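J.: This is final.cif (mmCIF, N, CA, C and O atoms).
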data_my_file
#
loop_
_atom_site.label_atom_id
_atom_site.label_comp_id
_atom_site.auth_asym_id
_atom_site.auth_seq_id
_atom_site.Cartn_x
_atom_site.Cartn_y
_atom_site.Cartn_z
N MET A 600 64.66 130.24 102.43
CA MET A 600 63.52 129.52 101.92
C MET A 600 62.25 130.30 102.25
O MET A 600 62.04 130.69 103.38
N ARG A 601 61.41 130.51 101.26
CA ARG A 601 60.17 131.26 101.46
C ARG A 601 59.04 130.31 101.82
O ARG A 601 58.60 129.51 101.02
N VAL A 602 58.57 130.42 103.05
CA VAL A 602 57.51 129.56 103.52
C VAL A 602 56.15 130.14 103.14
O VAL A 602 55.21 129.40 102.87
N ASP A 603 56.04 131.46 103.07
CA ASP A 603 54.74 132.07 102.78
C ASP A 603 54.24 131.70 101.39
O ASP A 603 53.05 131.51 101.20
N GLY A 604 55.11 131.56 100.42
CA GLY A 604 54.70 131.15 99.09
C GLY A 604 54.17 129.72 99.08
O GLY A 604 53.16 129.41 98.46
N PHE A 605 54.85 128.85 99.80
CA PHE A 605 54.42 127.45 99.90
C PHE A 605 53.11 127.35 100.66
O PHE A 605 52.22 126.59 100.28
N GLN A 606 52.98 128.14 101.73
CA GLN A 606 51.75 128.12 102.52
C GLN A 606 50.57 128.63 101.68
O GLN A 606 49.49 128.07 101.73
N GLY A 607 50.80 129.66 100.89
CA GLY A 607 49.76 130.17 100.02
C GLY A 607 49.33 129.15 98.98
O GLY A 607 48.14 129.02 98.67
N GLU A 608 50.31 128.41 98.46
CA GLU A 608 50.00 127.38 97.48
C GLU A 608 49.18 126.25 98.12
O GLU A 608 48.23 125.74 97.52
N MET A 609 49.53 125.88 99.34
CA MET A 609 48.79 124.83 100.05
C MET A 609 47.36 125.29 100.34
O MET A 609 46.41 124.52 100.21
N GLN A 610 47.19 126.56 100.72
CA GLN A 610 45.85 127.08 100.98
C GLN A 610 45.02 127.10 99.70
O GLN A 610 43.83 126.79 99.72
N ALA A 611 45.65 127.47 98.59
CA ALA A 611 44.93 127.49 97.32
C ALA A 611 44.47 126.08 96.94
O ALA A 611 43.35 125.89 96.46
N MET A 612 45.33 125.07 97.18
CA MET A 612 44.94 123.68 96.90
C MET A 612 43.82 123.23 97.82
O MET A 612 42.92 122.50 97.42
N MET A 613 43.84 123.71 99.08
CA MET A 613 42.78 123.36 100.03
C MET A 613 41.45 123.94 99.56
O MET A 613 40.43 123.26 99.56
N PHE A 614 41.46 125.21 99.14
CA PHE A 614 40.23 125.84 98.67
C PHE A 614 39.73 125.15 97.41
O PHE A 614 38.53 124.98 97.22
N GLU A 615 40.65 124.75 96.54
CA GLU A 615 40.26 124.05 95.32
C GLU A 615 39.65 122.69 95.64
O GLU A 615 38.66 122.28 95.05
N ALA A 616 40.23 121.99 96.61
CA ALA A 616 39.73 120.67 96.97
C ALA A 616 38.36 120.73 97.64
O ALA A 616 37.53 119.85 97.43
N THR A 617 38.14 121.75 98.46
CA THR A 617 36.86 121.84 99.15
C THR A 617 35.79 122.54 98.31
O THR A 617 34.62 122.50 98.66
N GLY A 618 36.17 123.19 97.24
CA GLY A 618 35.20 123.85 96.39
C GLY A 618 34.72 125.18 96.93
O GLY A 618 33.65 125.65 96.57
N THR A 619 35.50 125.78 97.83
CA THR A 619 35.12 127.07 98.41
C THR A 619 36.04 128.16 97.87
O THR A 619 37.09 127.89 97.33
N LYS A 620 35.61 129.37 98.08
CA LYS A 620 36.42 130.52 97.69
C LYS A 620 37.14 131.04 98.92
O LYS A 620 36.61 130.95 100.03
N PRO A 621 38.32 131.62 98.76
CA PRO A 621 39.02 132.18 99.92
C PRO A 621 38.16 133.25 100.58
O PRO A 621 37.59 134.11 99.92
N GLY A 622 38.03 133.16 101.90
CA GLY A 622 37.25 134.13 102.65
C GLY A 622 35.78 133.78 102.76
O GLY A 622 35.02 134.49 103.38
N ALA A 623 35.37 132.65 102.16
CA ALA A 623 33.97 132.25 102.26
C ALA A 623 33.66 131.74 103.66
O ALA A 623 34.50 131.13 104.30
N THR A 624 32.46 132.01 104.12
CA THR A 624 32.11 131.60 105.48
C THR A 624 31.48 130.22 105.52
O THR A 624 31.58 129.53 106.50
N GLY A 625 30.79 129.81 104.48
CA GLY A 625 30.12 128.51 104.46
C GLY A 625 30.97 127.45 103.78
O GLY A 625 31.81 127.75 102.95
N GLN A 626 30.75 126.22 104.15
CA GLN A 626 31.46 125.11 103.54
C GLN A 626 30.52 124.42 102.56
O GLN A 626 29.75 123.54 102.94
N ALA A 627 30.57 124.78 101.31
CA ALA A 627 29.75 124.15 100.30
C ALA A 627 30.63 123.22 99.48
O ALA A 627 31.53 123.67 98.79
N VAL A 628 30.36 121.94 99.59
CA VAL A 628 31.16 120.98 98.85
C VAL A 628 30.41 120.66 97.57
O VAL A 628 29.28 120.19 97.60
N GLY A 629 31.07 120.92 96.44
CA GLY A 629 30.42 120.73 95.15
C GLY A 629 30.71 119.38 94.51
O GLY A 629 30.03 118.98 93.59
N ALA A 630 31.73 118.68 94.97
CA ALA A 630 32.09 117.41 94.37
C ALA A 630 32.00 116.32 95.42
O ALA A 630 32.13 116.58 96.61
N ASP A 631 31.80 115.10 94.97
CA ASP A 631 31.74 114.03 95.95
C ASP A 631 33.15 113.59 96.35
O ASP A 631 34.14 114.00 95.76
N PHE A 632 33.22 112.76 97.37
CA PHE A 632 34.50 112.37 97.95
C PHE A 632 35.38 111.64 96.95
O PHE A 632 36.60 111.85 96.91
N GLY A 633 34.80 110.81 96.14
CA GLY A 633 35.58 110.04 95.15
C GLY A 633 36.28 110.95 94.16
O GLY A 633 37.44 110.72 93.81
N GLN A 634 35.59 111.97 93.70
CA GLN A 634 36.20 112.91 92.76
C GLN A 634 37.33 113.69 93.42
O GLN A 634 38.37 113.93 92.80
N LEU A 635 37.13 114.10 94.67
CA LEU A 635 38.18 114.84 95.38
C LEU A 635 39.41 113.97 95.61
O LEU A 635 40.54 114.42 95.43
N LEU A 636 39.18 112.72 95.98
CA LEU A 636 40.29 111.80 96.20
C LEU A 636 41.03 111.52 94.90
O LEU A 636 42.27 111.53 94.87
N ASN A 637 40.30 111.33 93.83
CA ASN A 637 40.91 111.09 92.53
C ASN A 637 41.72 112.30 92.08
O ASN A 637 42.84 112.17 91.57
N SER A 638 41.19 113.49 92.29
CA SER A 638 41.90 114.71 91.93
C SER A 638 43.19 114.86 92.73
O SER A 638 44.24 115.24 92.19
N ALA A 639 43.12 114.56 94.03
CA ALA A 639 44.30 114.66 94.88
C ALA A 639 45.38 113.67 94.45
O ALA A 639 46.57 114.01 94.40
N ILE A 640 44.98 112.45 94.13
CA ILE A 640 45.95 111.44 93.69
C ILE A 640 46.57 111.84 92.36
O ILE A 640 47.77 111.68 92.14
N ASN A 641 45.76 112.38 91.46
CA ASN A 641 46.30 112.85 90.17
C ASN A 641 47.28 113.99 90.37
O ASN A 641 48.28 114.09 89.66
N ASN A 642 47.02 114.86 91.35
CA ASN A 642 47.92 115.96 91.65
C ASN A 642 49.26 115.44 92.17
O ASN A 642 50.33 115.91 91.77
N VAL A 643 49.22 114.44 93.06
CA VAL A 643 50.45 113.82 93.57
C VAL A 643 51.22 113.17 92.43
O VAL A 643 52.45 113.31 92.33
N ASN A 644 50.52 112.49 91.56
CA ASN A 644 51.17 111.85 90.41
C ASN A 644 51.81 112.89 89.50
O ASN A 644 52.93 112.70 89.02
N SER A 645 51.13 113.99 89.28
CA SER A 645 51.67 115.06 88.45
C SER A 645 52.93 115.66 89.06
O SER A 645 53.92 115.91 88.35
N LEU A 646 52.91 115.88 90.37
CA LEU A 646 54.11 116.41 91.05
C LEU A 646 55.28 115.43 90.93
O LEU A 646 56.42 115.85 90.74
N SER A 647 55.00 114.15 91.04
CA SER A 647 56.04 113.14 90.93
C SER A 647 56.64 113.12 89.52
O SER A 647 57.86 113.04 89.35
N LYS A 648 55.79 113.19 88.52
CA LYS A 648 56.27 113.20 87.13
C LYS A 648 57.09 114.46 86.85
O LYS A 648 58.12 114.40 86.17
N THR A 649 56.64 115.60 87.36
CA THR A 649 57.36 116.85 87.17
C THR A 649 58.73 116.78 87.82
O THR A 649 59.74 117.19 87.23
N SER A 650 58.78 116.22 89.02
CA SER A 650 60.05 116.07 89.73
C SER A 650 61.01 115.17 88.95
O SER A 650 62.18 115.50 88.78
N SER A 651 60.52 114.06 88.46
CA SER A 651 61.35 113.13 87.68
C SER A 651 61.84 113.78 86.39
O SER A 651 63.00 113.62 86.01
N ASN A 652 60.95 114.51 85.74
CA ASN A 652 61.30 115.18 84.49
C ASN A 652 62.39 116.24 84.73
O ASN A 652 63.35 116.33 83.96
N MET A 653 62.22 117.03 85.79
CA MET A 653 63.22 118.07 86.08
C MET A 653 64.56 117.44 86.44
O MET A 653 65.61 117.94 86.02
N GLN A 654 64.55 116.34 87.18
CA GLN A 654 65.79 115.68 87.54
C GLN A 654 66.48 115.12 86.30
O GLN A 654 67.71 115.25 86.15
N MET A 655 65.71 114.55 85.38
CA MET A 655 66.29 114.02 84.16
C MET A 655 66.89 115.15 83.31
O MET A 655 67.99 115.01 82.77
N ARG A 656 66.17 116.26 83.21
CA ARG A 656 66.69 117.40 82.44
C ARG A 656 67.97 117.94 83.07
O ARG A 656 68.91 118.31 82.35
N PHE A 657 68.02 118.01 84.40
CA PHE A 657 69.22 118.49 85.08
C PHE A 657 70.38 117.54 84.85
O PHE A 657 71.51 117.98 84.59
N ASP A 658 70.12 116.24 84.94
CA ASP A 658 71.16 115.24 84.72
C ASP A 658 71.73 115.30 83.30
O ASP A 658 72.91 115.03 83.08
N ARG A 659 70.90 115.67 82.34
CA ARG A 659 71.34 115.76 80.95
C ARG A 659 72.03 117.09 80.64
O ARG A 659 72.52 117.29 79.54
N GLY A 660 72.03 117.99 81.61
CA GLY A 660 72.77 119.24 81.43
C GLY A 660 71.96 120.39 80.88
O GLY A 660 72.54 121.33 80.31
N ASP A 661 70.65 120.36 81.03
CA ASP A 661 69.79 121.45 80.57
C ASP A 661 70.10 122.71 81.38
O ASP A 661 70.03 122.70 82.61
N ALA A 662 70.44 123.78 80.69
CA ALA A 662 70.82 125.03 81.36
C ALA A 662 69.62 125.74 81.98
O ALA A 662 69.79 126.60 82.85
N ASP A 663 68.41 125.41 81.57
CA ASP A 663 67.21 126.06 82.10
C ASP A 663 66.78 125.51 83.46
O ASP A 663 65.91 126.09 84.11
N VAL A 664 67.38 124.40 83.89
CA VAL A 664 67.00 123.77 85.15
C VAL A 664 68.16 123.86 86.12
O VAL A 664 69.25 123.37 85.85
N SER A 665 67.91 124.48 87.26
CA SER A 665 68.96 124.59 88.28
C SER A 665 68.78 123.50 89.34
O SER A 665 67.71 122.90 89.45
N LEU A 666 69.81 123.29 90.11
CA LEU A 666 69.76 122.29 91.17
C LEU A 666 68.70 122.65 92.20
O LEU A 666 67.98 121.77 92.70
N SER A 667 68.57 123.92 92.51
CA SER A 667 67.55 124.34 93.49
C SER A 667 66.14 124.04 92.99
O SER A 667 65.28 123.62 93.76
N ASP A 668 65.89 124.23 91.68
CA ASP A 668 64.58 123.91 91.12
C ASP A 668 64.29 122.42 91.24
O ASP A 668 63.17 122.02 91.57
N VAL A 669 65.30 121.60 91.00
CA VAL A 669 65.13 120.15 91.09
C VAL A 669 64.84 119.76 92.54
O VAL A 669 63.93 118.95 92.80
N MET A 670 65.56 120.33 93.48
CA MET A 670 65.37 119.98 94.88
C MET A 670 64.01 120.45 95.39
O MET A 670 63.35 119.74 96.16
N ILE A 671 63.56 121.61 94.97
CA ILE A 671 62.24 122.11 95.38
C ILE A 671 61.14 121.21 94.83
O ILE A 671 60.21 120.83 95.55
N ALA A 672 61.25 120.84 93.55
CA ALA A 672 60.25 119.95 92.95
C ALA A 672 60.26 118.59 93.64
O ALA A 672 59.19 118.00 93.89
N ARG A 673 61.44 118.11 93.96
CA ARG A 673 61.54 116.81 94.64
C ARG A 673 60.92 116.87 96.04
O ARG A 673 60.22 115.93 96.45
N ASN A 674 61.16 117.94 96.76
CA ASN A 674 60.58 118.07 98.11
C ASN A 674 59.07 118.24 98.06
O ASN A 674 58.35 117.71 98.91
N LYS A 675 58.56 118.99 97.08
CA LYS A 675 57.10 119.12 96.92
C LYS A 675 56.49 117.76 96.67
O LYS A 675 55.46 117.41 97.25
N SER A 676 57.12 116.99 95.80
CA SER A 676 56.62 115.66 95.49
C SER A 676 56.65 114.77 96.72
O SER A 676 55.70 114.03 97.00
N SER A 677 57.72 114.85 97.49
CA SER A 677 57.85 114.04 98.69
C SER A 677 56.80 114.40 99.73
O SER A 677 56.18 113.52 100.34
N VAL A 678 56.58 115.69 99.96
CA VAL A 678 55.58 116.13 100.94
C VAL A 678 54.18 115.70 100.50
O VAL A 678 53.39 115.21 101.32
N ALA A 679 53.88 115.85 99.23
CA ALA A 679 52.56 115.45 98.72
C ALA A 679 52.35 113.94 98.87
O ALA A 679 51.27 113.49 99.27
N PHE A 680 53.39 113.16 98.59
CA PHE A 680 53.28 111.71 98.72
C PHE A 680 53.09 111.30 100.17
O PHE A 680 52.26 110.45 100.49
N GLU A 681 53.86 111.91 101.07
CA GLU A 681 53.73 111.59 102.49
C GLU A 681 52.34 111.96 103.02
O GLU A 681 51.76 111.23 103.82
N ALA A 682 51.81 113.10 102.56
CA ALA A 682 50.46 113.50 102.98
C ALA A 682 49.42 112.49 102.47
O ALA A 682 48.48 112.15 103.19
N THR A 683 49.61 112.00 101.26
CA THR A 683 48.71 111.01 100.70
C THR A 683 48.76 109.72 101.51
O THR A 683 47.71 109.10 101.78
N ILE A 684 49.95 109.31 101.90
CA ILE A 684 50.09 108.10 102.72
C ILE A 684 49.38 108.29 104.05
O ILE A 684 48.69 107.38 104.54
N GLN A 685 49.52 109.46 104.66
CA GLN A 685 48.86 109.72 105.94
C GLN A 685 47.33 109.69 105.80
O GLN A 685 46.63 109.16 106.67
N VAL A 686 46.82 110.25 104.72
CA VAL A 686 45.38 110.22 104.48
C VAL A 686 44.91 108.78 104.29
O VAL A 686 43.89 108.37 104.84
N ARG A 687 45.68 108.01 103.53
CA ARG A 687 45.33 106.59 103.34
C ARG A 687 45.30 105.86 104.68
O ARG A 687 44.38 105.09 104.97
N ASN A 688 46.30 106.10 105.52
CA ASN A 688 46.35 105.43 106.82
C ASN A 688 45.14 105.80 107.68
O ASN A 688 44.57 104.94 108.36
N LYS A 689 44.75 107.08 107.65
CA LYS A 689 43.58 107.51 108.42
C LYS A 689 42.29 106.88 107.89
O LYS A 689 41.40 106.51 108.65
N LEU A 690 42.19 106.76 106.56
CA LEU A 690 41.00 106.13 105.98
C LEU A 690 40.92 104.66 106.35
O LEU A 690 39.84 104.14 106.68
N VAL A 691 42.04 103.96 106.31
CA VAL A 691 42.06 102.55 106.69
C VAL A 691 41.72 102.39 108.16
O VAL A 691 40.95 101.50 108.55
N GLU A 692 42.25 103.27 108.99
CA GLU A 692 41.96 103.24 110.42
C GLU A 692 40.47 103.48 110.68
O GLU A 692 39.85 102.78 111.50
N ALA A 693 39.89 104.44 109.98
CA ALA A 693 38.46 104.72 110.15
C ALA A 693 37.62 103.55 109.66
O ALA A 693 36.61 103.18 110.29
N TYR A 694 38.01 102.92 108.57
CA TYR A 694 37.30 101.76 108.05
C TYR A 694 37.33 100.61 109.05
O TYR A 694 36.31 99.97 109.32
N LYS A 695 38.50 100.35 109.61
CA LYS A 695 38.62 99.28 110.62
C LYS A 695 37.77 99.56 111.83
O LYS A 695 37.13 98.67 112.39
N GLU A 696 37.73 100.83 112.25
CA GLU A 696 36.93 101.21 113.40
C GLU A 696 35.44 101.00 113.11
O GLU A 696 34.69 100.51 113.97
N LEU A 697 35.01 101.34 111.91
CA LEU A 697 33.61 101.13 111.54
C LEU A 697 33.27 99.64 111.48
O LEU A 697 32.18 99.23 111.90
N MET A 698 34.18 98.85 110.97
CA MET A 698 33.91 97.41 110.86
C MET A 698 33.89 96.73 112.22
O MET A 698 33.25 95.69 112.37
N ASN A 699 34.54 97.28 113.21
CA ASN A 699 34.56 96.69 114.55
C ASN A 699 33.39 97.15 115.42
O ASN A 699 33.25 96.67 116.54
N MET A 700 32.57 98.05 114.91
CA MET A 700 31.41 98.52 115.68
C MET A 700 30.37 97.41 115.77
O MET A 700 30.09 96.73 114.78
N PRO A 701 29.79 97.24 116.95
CA PRO A 701 28.72 96.23 117.06
C PRO A 701 27.44 96.72 116.36
O PRO A 701 27.15 97.91 116.37
N VAL A 702 26.71 95.78 115.80
CA VAL A 702 25.49 96.15 115.10
C VAL A 702 24.27 95.95 115.94
O VAL A 702 24.10 95.17 116.76
#
Have the structure of the file written as C-alpha cells, please.

T.:
Amino acid sequence: MRVDGFQGEMQAMMFEATGTKPGATGQAVGADFGQLLNSAINNVNSLSKTSSNMQMRFDRGDADVSLSDVMIARNKSSVAFEATIQVRNKLVEAYKELMNMPV
C-alpha cells in the first residue's frame, strides 16, 4: 500500500481548503468558514457516491473495476466520513464550551 500518494492527496486537499499554495509562508484564507465547511461536506458526499458507484459496477461484473479499486474507494470514503464526524464533534464541543462561559 502506497502511503505517500495518499499523504500527498491529503496535503493537496488541505492546501485547497485553506486557500494557500504549497510552500507558502503566510496563511491567507480567501473563503469564509461556511464555504469551507460546505465544500468539505460536498467532497465527503462525492467520495461516498463514487464508492457506491464503483461497488455497484463491480457487483454487476464490470471488467474495468477491480476489487482493489472498490476497496480503496470505500476506505477513502470511510476515512473522510470519520474525519467529518470528528470535526462535527469538536464543533459541538466548542459550542457547548462557549455557551457555558459566564457573561

J.: Here is a test: counting only C-alpha atoms, which residue of A:Asp658, A:Met612, A:Asp668, A:Ser677 is nearest to Ala639 of chain A?

T.: A:Met612

J.: Box time for segment 645-663 of chain A: axis-aligned, enclosing all its listed atoms, 3 Å extra on each side; report centre and edge lengths in Å to one decimal, as JSON.

T.:
{"center_x": 62.0, "center_y": 119.8, "center_z": 85.3, "size_x": 27.8, "size_y": 19.6, "size_z": 17.5}

J.: Please write the residues picked by the PyMOL selection byres ((chain A and resi 673-676) around 7) on this file as number ranges by chain.

T.: A: 643, 646-647, 649-651, 667-672, 677-682

J.: Can those selected residues be exported to a file as an mmCIF file, keeping the file's coordinate frame so that it contains N, CA, C and O atoms?

T.:
data_model
loop_
_atom_site.group_PDB
_atom_site.id
_atom_site.type_symbol
_atom_site.label_atom_id
_atom_site.label_comp_id
_atom_site.auth_asym_id
_atom_site.auth_seq_id
_atom_site.Cartn_x
_atom_site.Cartn_y
_atom_site.Cartn_z
ATOM 1 N N VAL A 643 49.220 114.440 93.060
ATOM 2 C CA VAL A 643 50.450 113.820 93.570
ATOM 3 C C VAL A 643 51.220 113.170 92.430
ATOM 4 O O VAL A 643 52.450 113.310 92.330
ATOM 5 N N LEU A 646 52.910 115.880 90.370
ATOM 6 C CA LEU A 646 54.110 116.410 91.050
ATOM 7 C C LEU A 646 55.280 115.430 90.930
ATOM 8 O O LEU A 646 56.420 115.850 90.740
ATOM 9 N N SER A 647 55.000 114.150 91.040
ATOM 10 C CA SER A 647 56.040 113.140 90.930
ATOM 11 C C SER A 647 56.640 113.120 89.520
ATOM 12 O O SER A 647 57.860 113.040 89.350
ATOM 13 N N THR A 649 56.640 115.600 87.360
ATOM 14 C CA THR A 649 57.360 116.850 87.170
ATOM 15 C C THR A 649 58.730 116.780 87.820
ATOM 16 O O THR A 649 59.740 117.190 87.230
ATOM 17 N N SER A 650 58.780 116.220 89.020
ATOM 18 C CA SER A 650 60.050 116.070 89.730
ATOM 19 C C SER A 650 61.010 115.170 88.950
ATOM 20 O O SER A 650 62.180 115.500 88.780
ATOM 21 N N SER A 651 60.520 114.060 88.460
ATOM 22 C CA SER A 651 61.350 113.130 87.680
ATOM 23 C C SER A 651 61.840 113.780 86.390
ATOM 24 O O SER A 651 63.000 113.620 86.010
ATOM 25 N N SER A 667 68.570 123.920 92.510
ATOM 26 C CA SER A 667 67.550 124.340 93.490
ATOM 27 C C SER A 667 66.140 124.040 92.990
ATOM 28 O O SER A 667 65.280 123.620 93.760
ATOM 29 N N ASP A 668 65.890 124.230 91.680
ATOM 30 C CA ASP A 668 64.580 123.910 91.120
ATOM 31 C C ASP A 668 64.290 122.420 91.240
ATOM 32 O O ASP A 668 63.170 122.020 91.570
ATOM 33 N N VAL A 669 65.300 121.600 91.000
ATOM 34 C CA VAL A 669 65.130 120.150 91.090
ATOM 35 C C VAL A 669 64.840 119.760 92.540
ATOM 36 O O VAL A 669 63.930 118.950 92.800
ATOM 37 N N MET A 670 65.560 120.330 93.480
ATOM 38 C CA MET A 670 65.370 119.980 94.880
ATOM 39 C C MET A 670 64.010 120.450 95.390
ATOM 40 O O MET A 670 63.350 119.740 96.160
ATOM 41 N N ILE A 671 63.560 121.610 94.970
ATOM 42 C CA ILE A 671 62.240 122.110 95.380
ATOM 43 C C ILE A 671 61.140 121.210 94.830
ATOM 44 O O ILE A 671 60.210 120.830 95.550
ATOM 45 N N ALA A 672 61.250 120.840 93.550
ATOM 46 C CA ALA A 672 60.250 119.950 92.950
ATOM 47 C C ALA A 672 60.260 118.590 93.640
ATOM 48 O O ALA A 672 59.190 118.000 93.890
ATOM 49 N N SER A 677 57.720 114.850 97.490
ATOM 50 C CA SER A 677 57.850 114.040 98.690
ATOM 51 C C SER A 677 56.800 114.400 99.730
ATOM 52 O O SER A 677 56.180 113.520 100.340
ATOM 53 N N VAL A 678 56.580 115.690 99.960
ATOM 54 C CA VAL A 678 55.580 116.130 100.940
ATOM 55 C C VAL A 678 54.180 115.700 100.500
ATOM 56 O O VAL A 678 53.390 115.210 101.320
ATOM 57 N N ALA A 679 53.880 115.850 99.230
ATOM 58 C CA ALA A 679 52.560 115.450 98.720
ATOM 59 C C ALA A 679 52.350 113.940 98.870
ATOM 60 O O ALA A 679 51.270 113.490 99.270
ATOM 61 N N PHE A 680 53.390 113.160 98.590
ATOM 62 C CA PHE A 680 53.280 111.710 98.720
ATOM 63 C C PHE A 680 53.090 111.300 100.170
ATOM 64 O O PHE A 680 52.260 110.450 100.490
ATOM 65 N N GLU A 681 53.860 111.910 101.070
ATOM 66 C CA GLU A 681 53.730 111.590 102.490
ATOM 67 C C GLU A 681 52.340 111.960 103.020
ATOM 68 O O GLU A 681 51.760 111.230 103.820
ATOM 69 N N ALA A 682 51.810 113.100 102.560
ATOM 70 C CA ALA A 682 50.460 113.500 102.980
ATOM 71 C C ALA A 682 49.420 112.490 102.470
ATOM 72 O O ALA A 682 48.480 112.150 103.190
#

J.: How many Å lie between atom CA of Asn699 of chain A and atom O of Arg687 of chain A, rounded to one decimal?

T.: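 Computed distance, atom CA of Asn699 of chain A to atom O of Arg687 of chain A, equals 16.1 Å.
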
J.: Using Å and a single decimal, report how far atom O of Ser638 of chain A sits from atom O of Lys695 of chain A.

T.: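 We find that atom O of Lys695 of chain A and atom O of Ser638 of chain A lie 27.1 Å from each other.
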
J.: Just give me the gap between atom O of Tyr694 of chain A and atom N of Asn641 of chain A in Å, one decimal is fine.

T.: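 It comes out at 23.7 Å.
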